[in-house]
Amino acid sequence: MKQPVIYPRGFAGYDVGWPILREEASLNGRDAIARFSKLNSRETNTISATNIERLYMDAKTLKYANNSPELIADTFAAFCNAFGTHNFFEWLTMQRQNVYFTREHAKFLIDCLEFAFTGKRYTGFSAWYVLLTHGTPKAEKIDNFNFERFFYDGNREYANVQNLAKLWMAQPNGVTDMVSSLHVIFGTTR
């Protein structure tokens with residue numbers, strides 16, 4: 001059985017066996033996610049993915065040449081393994097049941113999908129770093145998280161994580177955008 005976890009900015013995911021940095025979570029937060037996943041709170045952790053953090057810092061400090069084969073390969077591998085499933089649609093559906101998932105989280109994911117499909121991002125990453133926090137579970141119903149529209153008709157193939165990664169990375173500045181998106185979803189808030 002896949003082990004659900006919560007990442008520092010409040011996105012839910014599956015523990016994929018990466019080396020992780022455990023971060024403190026309030027007991028209320030642990031209890032809330034335990035209700036979400038129907039697991040004992042001792043079995044659920046708030047984590048950040050150290051490999052995503054390393055990739056982000058290496059890209060930010062220009063360790064990689066822009067769009068170098070190494071950066072592209074490392075980003076593709078990180079993206080394809082990050083979600084704990086081969087079906088991105090499944091991971092997006094999981095967010096709807098996540099007690100930390102807010103309207104801002106939904107807007108960020110829609111912005112990411114808009115970029116992957118059109119190459120246009122409507123809100124910069126500096127704003128997302130401020131807007132997306134992991135705090136007290138929100139008791140709000142997210143009605144406008146209509147991610148399904150991206151996968152209708154001829155776009156069903158992009159529900160596959162590898163196909164979505166290829167589409168995203170093919171956009172102008174797609175590799176850089178993907179690294180930053182992975183950092184927002186799976187990285188630390190520090």
# chains A, B, ... in the order shown; residues from 1 in each chain; ligands from 1
>>> residues_around(residues="A:Ala77", least_positions_apart="3", cutoff="12 Å", atoms="only C-alpha atoms", output="PyMOL selection string")
chain A and resi 51-52+55+70-74+80-83+161-162+165-166+175+178-179+182
>>> write_last_selection(atoms="N, CA and C atoms", output="PDB file, in the first residue's frame")
ATOM      1  N   ASN A  51      16.168  15.446  -2.850  1.00  0.00           N
ATOM      2  CA  ASN A  51      16.658  15.430  -4.232  1.00  0.00           C
ATOM      3  C   ASN A  51      16.050  16.574  -5.046  1.00  0.00           C
ATOM      4  N   ILE A  52      14.804  16.921  -4.777  1.00  0.00           N
ATOM      5  CA  ILE A  52      14.180  18.064  -5.457  1.00  0.00           C
ATOM      6  C   ILE A  52      14.868  19.352  -5.003  1.00  0.00           C
ATOM      7  N   LEU A  55      18.221  19.561  -6.758  1.00  0.00           N
ATOM      8  CA  LEU A  55      18.017  19.913  -8.170  1.00  0.00           C
ATOM      9  C   LEU A  55      17.690  21.403  -8.302  1.00  0.00           C
ATOM     10  N   GLU A  70      22.143  17.139 -18.932  1.00  0.00           N
ATOM     11  CA  GLU A  70      22.116  16.658 -17.546  1.00  0.00           C
ATOM     12  C   GLU A  70      20.928  17.242 -16.786  1.00  0.00           C
ATOM     13  N   LEU A  71      20.707  18.548 -16.950  1.00  0.00           N
ATOM     14  CA  LEU A  71      19.573  19.190 -16.281  1.00  0.00           C
ATOM     15  C   LEU A  71      18.256  18.600 -16.792  1.00  0.00           C
ATOM     16  N   ILE A  72      18.140  18.422 -18.087  1.00  0.00           N
ATOM     17  CA  ILE A  72      16.918  17.862 -18.667  1.00  0.00           C
ATOM     18  C   ILE A  72      16.684  16.452 -18.145  1.00  0.00           C
ATOM     19  N   ALA A  73      17.716  15.618 -18.138  1.00  0.00           N
ATOM     20  CA  ALA A  73      17.568  14.231 -17.677  1.00  0.00           C
ATOM     21  C   ALA A  73      17.231  14.171 -16.189  1.00  0.00           C
ATOM     22  N   ASP A  74      17.915  14.974 -15.375  1.00  0.00           N
ATOM     23  CA  ASP A  74      17.659  14.962 -13.930  1.00  0.00           C
ATOM     24  C   ASP A  74      16.260  15.487 -13.609  1.00  0.00           C
ATOM     25  N   CYS A  80       9.137  12.402 -13.023  1.00  0.00           N
ATOM     26  CA  CYS A  80       8.475  11.107 -13.245  1.00  0.00           C
ATOM     27  C   CYS A  80       8.384  10.267 -11.987  1.00  0.00           C
ATOM     28  N   ASN A  81       9.282  10.503 -11.033  1.00  0.00           N
ATOM     29  CA  ASN A  81       9.265   9.719  -9.795  1.00  0.00           C
ATOM     30  C   ASN A  81       8.617  10.435  -8.622  1.00  0.00           C
ATOM     31  N   ALA A  82       8.383  11.728  -8.749  1.00  0.00           N
ATOM     32  CA  ALA A  82       7.959  12.542  -7.612  1.00  0.00           C
ATOM     33  C   ALA A  82       6.564  12.224  -7.086  1.00  0.00           C
ATOM     34  N   PHE A  83       5.653  11.853  -7.944  1.00  0.00           N
ATOM     35  CA  PHE A  83       4.241  11.792  -7.563  1.00  0.00           C
ATOM     36  C   PHE A  83       3.808  10.443  -6.994  1.00  0.00           C
ATOM     37  N   VAL A 161       2.322  10.543 -16.396  1.00  0.00           N
ATOM     38  CA  VAL A 161       3.325  11.472 -15.874  1.00  0.00           C
ATOM     39  C   VAL A 161       4.450  11.704 -16.882  1.00  0.00           C
ATOM     40  N   GLN A 162       4.925  10.664 -17.534  1.00  0.00           N
ATOM     41  CA  GLN A 162       6.017  10.837 -18.501  1.00  0.00           C
ATOM     42  C   GLN A 162       5.589  11.688 -19.693  1.00  0.00           C
ATOM     43  N   ALA A 165       5.346  15.276 -18.580  1.00  0.00           N
ATOM     44  CA  ALA A 165       6.689  15.845 -18.418  1.00  0.00           C
ATOM     45  C   ALA A 165       7.269  16.266 -19.770  1.00  0.00           C
ATOM     46  N   LYS A 166       7.120  15.432 -20.773  1.00  0.00           N
ATOM     47  CA  LYS A 166       7.645  15.766 -22.112  1.00  0.00           C
ATOM     48  C   LYS A 166       6.950  17.005 -22.675  1.00  0.00           C
ATOM     49  N   VAL A 175      11.865  23.518 -18.812  1.00  0.00           N
ATOM     50  CA  VAL A 175      12.681  22.797 -17.828  1.00  0.00           C
ATOM     51  C   VAL A 175      12.806  23.625 -16.554  1.00  0.00           C
ATOM     52  N   MET A 178       9.536  23.667 -14.714  1.00  0.00           N
ATOM     53  CA  MET A 178       9.256  22.401 -14.045  1.00  0.00           C
ATOM     54  C   MET A 178      10.072  22.264 -12.761  1.00  0.00           C
ATOM     55  N   VAL A 179      11.337  22.644 -12.797  1.00  0.00           N
ATOM     56  CA  VAL A 179      12.166  22.579 -11.589  1.00  0.00           C
ATOM     57  C   VAL A 179      11.560  23.447 -10.490  1.00  0.00           C
ATOM     58  N   LEU A 182       8.342  21.826  -9.157  1.00  0.00           N
ATOM     59  CA  LEU A 182       8.655  20.701  -8.261  1.00  0.00           C
ATOM     60  C   LEU A 182       9.095  21.220  -6.900  1.00  0.00           C
TER      61      LEU A 182
END
>>> residues_around(residues="A:Ala116", least_positions_apart="2", cutoff="7 Å", atoms="only C-alpha atoms", output="ChimeraX atom specification")
/A:112-114,118-119,167-168,171
>>> closest_residue(among="A:Pro69, A:Gly124, A:Pro172, A:Gly13", to="A:Met94", atoms="only C-alpha atoms")
A:Gly13
>>> closest_residue(among="A:Ala106, A:Thr133, A:Phe150, A:Thr93", to="A:Gly187", atoms="only C-alpha atoms")
A:Thr133
>>> atom_distance(atom1="atom CA of A:Ala127", atom2="atom CA of A:Lys107")
11.8 Å
